[in-house]
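Below is protein.tsv, which holds TSV, C-alpha atoms.
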chain	number	residue	atom	x	y	z
X	824	MET	CA	151.28	101.45	-42.24
X	825	ALA	CA	148.70	104.12	-41.70
X	826	ALA	CA	145.23	103.65	-43.11
X	827	GLU	CA	143.38	106.93	-43.22
X	828	ASN	CA	141.11	106.35	-46.18
X	829	GLY	CA	137.99	104.81	-44.82
X	830	PRO	CA	137.16	101.22	-43.94
X	831	PRO	CA	139.34	98.26	-44.95
X	832	MET	CA	138.72	96.89	-48.44
X	833	GLU	CA	136.81	93.65	-48.81
X	834	HIS	CA	138.68	92.36	-51.85
X	835	ALA	CA	142.18	93.72	-51.57
X	836	PRO	CA	144.82	92.82	-54.15
X	837	PRO	CA	147.40	90.36	-52.81
X	838	VAL	CA	150.30	91.84	-50.90
X	839	ASP	CA	153.65	90.20	-50.26
X	840	LYS	CA	153.97	91.10	-46.60
X	841	GLU	CA	157.67	90.39	-46.24
X	842	ARG	CA	158.51	92.44	-49.28
X	843	LEU	CA	156.24	95.15	-47.97
X	844	ARG	CA	157.98	95.29	-44.61
X	845	ALA	CA	161.31	95.56	-46.39
X	846	SER	CA	159.91	98.40	-48.53
X	847	LEU	CA	158.61	100.27	-45.50
X	848	ASP	CA	161.95	99.83	-43.74
X	849	GLN	CA	163.65	101.21	-46.81
X	850	MET	CA	161.31	104.20	-46.89
X	851	TYR	CA	161.95	104.86	-43.21
X	852	GLU	CA	165.69	104.65	-43.82
X	853	ILE	CA	165.44	107.23	-46.63
X	854	TYR	CA	163.52	109.58	-44.32
X	855	LYS	CA	166.03	109.03	-41.53
X	856	GLN	CA	168.89	110.04	-43.80
X	857	ILE	CA	166.89	113.08	-44.89
X	858	ILE	CA	166.47	114.13	-41.24
X	859	LYS	CA	170.18	113.77	-40.57
X	860	VAL	CA	171.00	115.92	-43.60
X	861	ALA	CA	168.31	118.44	-42.60
X	862	ASP	CA	169.90	118.81	-39.16
X	863	GLN	CA	173.27	119.53	-40.74
X	864	VAL	CA	172.05	121.83	-43.50
X	865	SER	CA	169.88	123.80	-41.10
X	866	LEU	CA	172.94	124.89	-39.14
X	867	SER	CA	173.89	127.25	-41.93
X	868	ARG	CA	170.92	127.56	-44.25
X	869	CYS	CA	167.45	128.56	-43.18
X	870	PRO	CA	165.18	125.51	-43.57
X	871	TYR	CA	162.38	127.70	-44.88
X	872	LYS	CA	164.52	128.81	-47.83
X	873	SER	CA	163.74	126.90	-51.02
X	874	ARG	CA	166.08	125.85	-53.79
X	875	LYS	CA	165.35	129.11	-55.60
X	876	SER	CA	165.74	131.15	-52.41
X	877	HIS	CA	162.02	131.75	-52.03
X	878	CYS	CA	160.96	132.09	-48.43
X	879	THR	CA	158.35	129.52	-47.44
X	880	ALA	CA	157.85	130.73	-43.87
X	881	GLN	CA	154.45	131.86	-42.64
X	882	PHE	CA	156.03	134.34	-40.25
X	883	ARG	CA	157.89	137.57	-40.67
X	884	CYS	CA	161.66	137.52	-40.97
X	885	ARG	CA	164.14	140.36	-41.45
X	886	ASN	CA	165.68	138.49	-44.37
X	887	GLN	CA	162.46	138.53	-46.40
X	888	ARG	CA	162.15	140.87	-49.32
X	889	PRO	CA	159.31	141.09	-51.85
X	890	LEU	CA	159.71	139.25	-55.12
X	891	GLY	CA	160.44	141.28	-58.24
X	892	GLU	CA	158.44	140.72	-61.42
X	893	GLN	CA	161.04	138.44	-62.92
X	894	GLU	CA	161.45	136.50	-59.70
X	895	ARG	CA	157.71	136.17	-59.36
X	896	SER	CA	157.52	134.47	-62.75
X	897	THR	CA	159.78	131.69	-61.50
X	898	LEU	CA	157.14	130.81	-58.91
X	899	ASP	CA	154.93	129.54	-61.69
X	900	GLU	CA	157.47	127.28	-63.32
X	901	GLY	CA	155.90	123.89	-63.71
X	902	ASP	CA	159.15	122.01	-63.23
X	903	SER	CA	159.84	123.38	-59.82
X	904	ALA	CA	158.60	121.86	-56.58
X	905	GLN	CA	158.63	125.17	-54.79
X	906	SER	CA	155.54	126.45	-56.60
X	907	GLY	CA	153.52	124.04	-54.47
X	908	CYS	CA	155.26	124.55	-51.15
X	909	PRO	CA	153.13	123.39	-48.20
X	910	ASN	CA	153.71	126.69	-46.46
X	911	GLN	CA	152.53	128.85	-49.31
X	912	ARG	CA	149.01	130.18	-49.09
X	913	PRO	CA	147.04	132.09	-51.67
X	914	LEU	CA	147.00	135.72	-50.61
X	915	SER	CA	143.27	135.73	-50.06
X	916	ARG	CA	143.58	132.83	-47.60
X	917	ALA	CA	146.45	134.28	-45.61
X	918	ALA	CA	144.12	135.86	-43.13
X	919	GLY	CA	144.77	137.15	-39.63
X	920	PRO	CA	148.09	137.57	-37.88
X	921	ALA	CA	149.92	135.35	-40.35
X	922	GLN	CA	149.09	137.79	-43.12
X	923	GLU	CA	150.43	140.73	-41.18
X	924	ARG	CA	153.63	138.89	-40.49
X	925	GLN	CA	154.34	138.30	-44.16
X	926	VAL	CA	155.94	140.91	-46.36
X	927	GLY	CA	152.89	142.70	-47.67
X	928	GLY	CA	151.05	139.38	-47.40
X	929	GLU	CA	152.92	138.17	-50.46
X	930	ALA	CA	155.51	135.58	-51.35
X	931	SER	CA	159.03	136.74	-50.71
X	932	LEU	CA	162.65	136.03	-51.42
X	933	CYS	CA	165.20	135.22	-48.77
X	934	ALA	CA	168.00	137.74	-48.65
X	935	GLY	CA	169.92	135.88	-45.95
X	936	ASP	CA	173.52	135.11	-46.80
X	937	ASP	CA	173.59	131.74	-45.01
X	938	LYS	CA	176.61	132.89	-43.04
X	939	LEU	CA	175.00	134.48	-40.02
X	940	ASN	CA	172.76	132.74	-37.51
X	941	TYR	CA	169.45	133.21	-39.33
X	942	ARG	CA	167.40	132.30	-36.25
X	943	LYS	CA	167.91	135.78	-34.81
X	944	ALA	CA	166.22	137.27	-37.84
X	945	TRP	CA	163.03	135.39	-37.01
X	946	GLU	CA	162.65	137.27	-33.74
X	947	THR	CA	161.17	140.45	-35.15
J	542	MET	CA	161.07	97.12	-69.87
J	543	GLU	CA	164.38	98.82	-70.56
J	544	THR	CA	163.44	102.34	-71.51
J	545	ILE	CA	163.56	105.09	-68.95
J	546	ASN	CA	161.41	108.16	-69.51
J	547	ALA	CA	163.20	111.37	-70.42
J	548	GLY	CA	162.54	113.03	-67.08
J	549	LEU	CA	164.00	110.22	-65.03
J	550	GLU	CA	166.89	109.84	-67.45
J	551	ARG	CA	167.71	113.50	-66.84
J	552	GLU	CA	167.45	113.01	-63.08
J	553	LEU	CA	169.87	110.10	-63.20
J	554	ARG	CA	172.26	111.85	-65.56
J	555	ASP	CA	172.32	115.22	-63.85
J	556	TYR	CA	171.75	114.48	-60.19
J	557	VAL	CA	172.68	110.92	-59.26
J	558	ALA	CA	176.45	110.98	-59.45
J	559	ARG	CA	177.55	108.12	-57.21
J	560	PRO	CA	178.07	105.03	-59.40
J	561	ASP	CA	176.50	102.57	-56.93
J	562	GLU	CA	173.38	104.69	-56.48
J	563	HIS	CA	173.19	105.43	-60.19
J	564	ALA	CA	173.38	101.73	-61.09
J	565	ARG	CA	170.84	100.71	-58.44
J	566	LEU	CA	168.29	103.34	-59.44
J	567	ARG	CA	168.83	102.75	-63.14
J	568	GLY	CA	168.13	99.07	-62.53
J	569	ILE	CA	164.88	99.89	-60.73
J	570	PHE	CA	163.71	102.37	-63.34
J	571	GLU	CA	164.65	100.08	-66.23
J	572	ARG	CA	162.53	97.28	-64.90
J	573	ALA	CA	159.68	99.64	-63.95
J	574	SER	CA	156.70	100.17	-66.22
J	575	PRO	CA	156.15	103.58	-67.82
J	576	LEU	CA	153.38	104.25	-65.29
J	577	MET	CA	155.65	103.55	-62.32
J	578	GLN	CA	158.32	105.73	-63.87
J	579	GLU	CA	155.83	108.53	-64.24
J	580	ILE	CA	154.81	108.23	-60.58
J	581	ALA	CA	158.45	108.35	-59.50
J	582	HIS	CA	159.19	111.39	-61.63
J	583	HIS	CA	156.19	113.36	-60.44
J	584	LEU	CA	157.02	112.48	-56.85
J	585	ILE	CA	160.55	113.83	-57.22
J	586	TYR	CA	159.02	117.19	-58.16
J	587	GLY	CA	156.36	117.03	-55.48
J	588	ARG	CA	153.44	116.98	-57.90
J	589	LYS	CA	150.85	115.76	-55.48
J	590	ALA	CA	147.84	115.76	-57.81
J	591	GLU	CA	149.64	113.67	-60.43
J	592	VAL	CA	150.99	111.17	-57.91
J	593	ASP	CA	147.52	110.90	-56.44
J	594	ARG	CA	145.88	110.30	-59.81
J	595	LEU	CA	148.48	107.91	-61.20
J	596	THR	CA	148.61	105.77	-58.05
J	597	ARG	CA	144.85	105.40	-58.23
J	598	GLN	CA	145.17	104.50	-61.90
J	599	ALA	CA	147.85	101.91	-61.14
J	600	LEU	CA	145.62	100.18	-58.60
J	601	ASP	CA	142.73	100.25	-61.05
J	602	GLU	CA	145.04	98.57	-63.56
J	603	ASP	CA	145.78	95.84	-60.99
J	604	TYR	CA	149.32	96.80	-60.16
J	605	SER	CA	150.40	95.17	-56.92
J	606	PRO	CA	150.86	97.56	-53.98
J	607	ASN	CA	154.38	96.13	-53.64
J	608	VAL	CA	155.25	97.27	-57.13
J	609	ILE	CA	153.69	100.70	-56.68
J	610	LEU	CA	155.64	101.23	-53.50
J	611	ASP	CA	158.98	99.90	-54.71
J	612	ASP	CA	159.11	101.03	-58.33
J	613	GLY	CA	157.07	104.22	-58.08
J	614	LEU	CA	156.86	105.92	-54.70
J	615	ILE	CA	159.99	104.74	-52.88
J	616	ALA	CA	162.18	104.87	-55.98
J	617	GLY	CA	161.15	108.50	-56.46
J	618	MET	CA	161.78	109.31	-52.82
J	619	ALA	CA	165.24	107.74	-53.06
J	620	VAL	CA	166.14	110.29	-55.72
J	621	VAL	CA	164.77	113.07	-53.51
J	622	GLY	CA	167.00	111.87	-50.66
J	623	ILE	CA	170.06	111.89	-52.90
J	624	LYS	CA	169.35	115.36	-54.27
J	625	PHE	CA	168.82	116.67	-50.76
J	626	ARG	CA	172.02	115.12	-49.46
J	627	ASP	CA	173.92	116.67	-52.37
J	628	ASN	CA	172.44	120.14	-51.73
J	629	LEU	CA	170.55	120.20	-55.02
J	630	ILE	CA	167.25	120.70	-53.27
J	631	PHE	CA	166.39	121.83	-49.73
J	632	VAL	CA	163.92	121.23	-46.94
J	633	PRO	CA	160.87	122.87	-48.62
J	634	GLU	CA	161.29	120.71	-51.73
J	635	VAL	CA	161.71	117.59	-49.60
J	636	LEU	CA	158.51	118.37	-47.71
J	637	ILE	CA	156.62	118.85	-50.94
J	638	ALA	CA	157.85	115.49	-52.19
J	639	ALA	CA	156.79	113.94	-48.87
J	640	ARG	CA	153.36	115.43	-49.35
J	641	ALA	CA	153.12	113.83	-52.81
J	642	MET	CA	154.28	110.56	-51.25
J	643	LYS	CA	151.46	110.79	-48.73
J	644	ALA	CA	148.94	111.32	-51.53
J	645	GLY	CA	150.14	108.13	-53.21
J	646	LEU	CA	150.32	106.12	-50.01
J	647	ALA	CA	146.76	107.11	-49.13
J	648	HIS	CA	145.55	104.81	-51.94
J	649	VAL	CA	147.78	101.92	-50.92
J	650	GLU	CA	147.13	102.07	-47.18
J	651	PRO	CA	143.60	100.59	-47.15
J	652	ILE	CA	144.95	97.58	-49.05
J	653	LEU	CA	147.73	97.16	-46.52
J	654	SER	CA	145.23	97.38	-43.69
J	655	ALA	CA	143.06	94.77	-45.36
J	656	SER	CA	146.14	92.57	-45.54
J	657	GLY	CA	146.60	92.79	-41.80
J	658	ILE	CA	149.29	95.44	-41.75
J	659	GLU	CA	148.06	97.79	-39.08
J	660	PRO	CA	149.10	101.40	-38.47
J	661	SER	CA	151.67	102.01	-35.72
J	662	GLY	CA	149.27	104.40	-34.01
J	663	THR	CA	147.51	107.72	-34.34
J	664	VAL	CA	149.09	111.05	-33.45
J	665	ILE	CA	147.76	114.61	-33.45
J	666	MET	CA	150.48	117.13	-34.30
J	667	GLY	CA	150.47	120.91	-34.17
J	668	THR	CA	152.56	124.00	-33.51
J	669	VAL	CA	151.12	125.69	-30.42
J	670	LYS	CA	149.11	128.90	-30.26
J	671	GLY	CA	151.01	132.02	-31.26
J	672	ASP	CA	153.78	130.14	-33.04
J	673	LEU	CA	154.04	129.98	-36.83
J	674	HIS	CA	157.24	127.92	-37.12
J	675	ASP	CA	156.43	124.59	-38.66
J	676	ILE	CA	159.46	123.07	-40.36
J	677	GLY	CA	160.40	120.94	-37.35
J	678	LYS	CA	156.84	119.75	-36.94
J	679	ASN	CA	156.57	118.97	-40.65
J	680	LEU	CA	159.76	116.91	-40.59
J	681	CYS	CA	158.43	115.01	-37.58
J	682	ILE	CA	155.19	114.33	-39.42
J	683	MET	CA	157.10	113.07	-42.44
J	684	MET	CA	159.05	110.67	-40.21
J	685	LEU	CA	155.98	109.53	-38.29
J	686	ARG	CA	154.13	108.74	-41.49
J	687	GLY	CA	157.21	106.95	-42.78
J	688	ALA	CA	157.10	104.85	-39.61
J	689	GLY	CA	153.47	103.89	-40.24
J	690	PHE	CA	151.64	106.32	-38.00
J	691	ILE	CA	148.39	108.01	-38.91
J	692	VAL	CA	149.10	111.69	-38.34
J	693	HIS	CA	146.53	114.48	-38.20
J	694	ASP	CA	148.33	117.75	-38.77
J	695	LEU	CA	146.66	120.77	-37.17
J	696	GLY	CA	149.19	123.18	-38.68
J	697	VAL	CA	150.49	126.26	-36.88
J	698	ASP	CA	149.03	128.60	-34.25
J	699	THR	CA	146.96	125.76	-32.79
J	700	LYS	CA	144.72	126.66	-29.89
J	701	PRO	CA	144.22	124.21	-26.98
J	702	GLU	CA	140.59	123.66	-27.94
J	703	GLN	CA	141.67	122.67	-31.44
J	704	PHE	CA	143.94	119.98	-29.99
J	705	ILE	CA	141.09	118.76	-27.79
J	706	GLU	CA	138.63	118.69	-30.67
J	707	ALA	CA	141.09	116.74	-32.87
J	708	VAL	CA	141.81	114.19	-30.14
J	709	GLN	CA	138.12	113.56	-29.67
J	710	ARG	CA	137.35	113.40	-33.34
J	711	HIS	CA	140.19	111.02	-34.26
J	712	GLN	CA	140.35	109.05	-30.99
J	713	ALA	CA	144.08	109.73	-30.89
J	714	PRO	CA	145.96	108.73	-27.74
J	715	VAL	CA	149.08	110.78	-28.50
J	716	VAL	CA	149.47	114.54	-29.05
J	717	GLY	CA	152.68	116.10	-30.33
J	718	MET	CA	153.23	119.82	-29.74
J	719	SER	CA	155.95	121.95	-31.24
J	720	ALA	CA	157.14	125.47	-30.38
J	721	LEU	CA	160.21	127.32	-31.50
J	722	LEU	CA	159.98	130.53	-29.51
J	723	THR	CA	160.53	130.88	-25.79
J	724	THR	CA	157.52	133.20	-25.78
J	725	THR	CA	155.18	130.51	-27.12
J	726	MET	CA	156.58	127.52	-25.22
J	727	PRO	CA	154.31	128.16	-22.21
J	728	ASN	CA	151.33	127.49	-24.47
J	729	MET	CA	152.36	123.83	-24.44
J	730	GLY	CA	151.73	123.78	-20.71
J	731	ARG	CA	148.48	125.70	-21.15
J	732	THR	CA	147.31	123.12	-23.68
J	733	ILE	CA	147.99	120.27	-21.26
J	734	LYS	CA	146.12	122.21	-18.57
J	735	ALA	CA	143.18	122.59	-20.96
J	736	PHE	CA	143.07	118.80	-21.36
J	737	GLU	CA	143.08	118.50	-17.58
J	738	ALA	CA	140.20	120.93	-17.32
J	739	ALA	CA	138.29	118.94	-19.94
J	740	GLY	CA	138.83	115.72	-17.97
J	741	LEU	CA	140.92	114.20	-20.76
J	742	ARG	CA	144.46	114.39	-19.42
J	743	SER	CA	144.76	110.84	-18.13
J	744	ALA	CA	143.79	109.34	-21.50
J	745	ILE	CA	146.31	111.30	-23.54
J	746	ARG	CA	150.10	111.15	-23.82
J	747	PHE	CA	151.84	114.40	-24.73
J	748	MET	CA	155.16	114.70	-26.51
J	749	VAL	CA	156.83	118.06	-27.02
J	750	GLY	CA	159.73	119.40	-29.04
J	751	GLY	CA	161.18	122.46	-30.73
J	752	ALA	CA	164.42	124.40	-30.74
J	753	ALA	CA	164.12	125.98	-27.30
J	754	VAL	CA	162.28	123.10	-25.62
J	755	THR	CA	164.27	120.93	-23.21
J	756	ARG	CA	163.68	117.72	-21.31
J	757	GLU	CA	163.47	119.78	-18.11
J	758	PHE	CA	160.86	122.06	-19.58
J	759	ALA	CA	158.85	119.04	-20.73
J	760	ALA	CA	158.88	117.65	-17.18
J	761	GLU	CA	157.96	121.05	-15.78
J	762	ILE	CA	154.77	121.26	-17.85
J	763	ASP	CA	153.89	117.61	-17.17
J	764	ALA	CA	154.44	116.40	-20.73
J	765	ASP	CA	154.98	112.65	-21.10
J	766	GLY	CA	158.02	112.92	-23.30
J	767	TYR	CA	160.47	115.18	-25.10
J	768	GLY	CA	161.92	114.56	-28.55
J	769	LYS	CA	165.05	116.39	-29.56
J	770	ASP	CA	164.55	115.71	-33.28
J	771	ALA	CA	162.30	113.96	-35.76
J	772	ILE	CA	163.97	110.59	-35.30
J	773	ALA	CA	163.54	110.79	-31.52
J	774	CYS	CA	159.95	111.85	-32.13
J	775	VAL	CA	159.18	108.52	-33.81
J	776	GLU	CA	160.71	106.49	-31.00
J	777	LEU	CA	158.79	108.55	-28.48
J	778	ALA	CA	155.52	108.17	-30.36
J	779	LYS	CA	156.00	104.39	-30.40
J	780	GLU	CA	156.72	104.35	-26.68
J	781	LEU	CA	153.76	106.58	-25.79
J	782	THR	CA	151.42	104.61	-28.03
J	783	ALA	CA	152.51	101.38	-26.33
J	784	ARG	CA	152.00	103.00	-22.92
J	785	SER	CA	148.51	104.18	-23.81
J	786	ARG	CA	147.62	100.67	-25.08
J	787	ARG	CA	148.83	99.11	-21.84
J	788	LYS	CA	146.59	101.52	-19.98
J	789	LEU	CA	143.58	100.36	-22.00
File written out as structure tokens:
Amino acid sequence: MAAENGPPMEHAPPVDKERLRASLDQMYEIYKQIIKVADQVSLSRCPYKSRKSHCTAQFRCRNQRPLGEQERSTLDEGDSAQSGCPNQRPLSRAAGPAQERQVGGEASLCAGDDKLNYRKAWET
Amino acid sequence: METINAGLERELRDYVARPDEHARLRGIFERASPLMQEIAHHLIYGRKAEVDRLTRQALDEDYSPNVILDDGLIAGMAVVGIKFRDNLIFVPEVLIAARAMKAGLAHVEPILSASGIEPSGTVIMGTVKGDLHDIGKNLCIMMLRGAGFIVHDLGVDTKPEQFIEAVQRHQAPVVGMSALLTTTMPNMGRTIKAFEAAGLRSAIRFMVGGAAVTREFAAEIDADGYGKDAIACVELAKELTARSRRKL
């Protein structure tokens, strides 16, 4: 288990090590299944495309189109994970080449139909 | 405790269809405290700040790390896995949930370390210069963290000097480089050359991957290993970490 948060604690709460190992194995198993599904799903659906078809890529793609007003409002829905996508950057922070590669430097929708090989669209 | 919060109840009702999975998760959530349920629910929706705050709160309230992991973080991630498998959510949502998981784990990890459970190793990960494709790298990072590695993510468009600086700062013996485009793949080799020029090559193990990368290409640029996917990446990281320890 990775410890990134400073030095070890002096008075740590008790941990059941065997149970912990079982938990970590279980977590790894969940991730492994996720990877297997991701490999399958990515054959037909662009992995950068969110549940609501928002594009989360930092690069330009022919399938990107700017969000409409109504679509933009769905980005702010509190119940949706996509509003905090790791690939999304505030417009002011999307500096340099990455900004130029996005559609107007703004969040976009994916217009891909999931039928064609989407990878070719990335090569623009 | 036999009451499940409304959010989790909705998750179970609407998204966990298989009877065995439904019964197992219902059992976990029914025995979980309201705080653990809240952590699980926020994790499902990738709400990093809430998972971060509530995990801290749970530790302050003397919850055992075992309980936080089992009833909060892992239970939530199990629902994420099911929703992903059933095409209810997709890779971006999974990665957001993984990020929330990391925020929660960050509070638990020092306790695990203090209990003698050491990290599997430290890895620097980045997509090479000129390349902005990061899904593969992010999935690898998720897997590596799940396997107990400390991972420092340099993001996309990573210059050789940024890799070098990160290796020195974090004392990491393993570097993972990703590239999707044939046009940016050569930057993997240039990065390794930069380590050579800095006199650091012999201390570092390089693993490479990405859609167009092959085992042959990895050998050609003098990388120490090639991973075809995120699962292979973990095995490779373990092997390279062991090799670097033997060298020490």
Residue nearest Pro606 in chain J among X:Asn886, X:Ser846, X:Ser931, X:Ser867 (counting only C-alpha atoms):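 Among the listed residues, X:Ser846 lies closest to Pro606 in chain J.
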Leaving out Arg888 in chain X and any residue of its chain fewer than 4 positions from it, which residues lie within 7 Å of it when counting all atoms listed in the file, given as a list in words?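 The contact residues come out as Val926, Ser931, Leu932, Cys933 and Ala934 of chain X.
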Interatomic distance, CA of Phe736 in chain J to CA of Gln703 in chain J (Å, one decimal):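 Result for CA of Phe736 in chain J versus CA of Gln703 in chain J: 10.9 Å, one decimal.
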Set up a box along x, y and z of the file covering all listed atoms of range 703-714 of chain J, add 6 Å on every one of the six sides, and write the centre and edge lengths in Å to one decimal, as lines of an AutoDock Vina configuration file.
center_x = 141.7
center_y = 115.7
center_z = -31.0
size_x = 20.6
size_y = 25.9
size_z = 18.5
Please, which residues of chain J lie no more than 8 Å from chain X when the count uses all atoms listed in the file, and can they be set out as a VMD selection string? chain J and resid 586 to 588 603 605 to 607 610 to 611 615 618 to 619 622 625 to 626 629 to 634 636 to 638 647 to 648 650 to 656 658 to 662 673 to 674 676 680 683 to 684 686 to 691 771 to 772
What is the CA of Gln887 in chain X to CA of Leu866 in chain X distance in Å?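 Atom-to-atom, CA of Gln887 in chain X to CA of Leu866 in chain X, that is 18.7 Å.
Those DNA, RNA and protein residues that approach the point (159.4, 109.6, -19.1) to within 10 Å, considering only C-alpha atoms, are Met748, Arg756, Ala759, Ala760, Asp763, Ala764, Asp765, Gly766, Tyr767, Leu777, Glu780 and Leu781 of chain J.
In this structure, CA of Met729 in chain J sits 17.4 Å away from CA of Asn679 in chain J.
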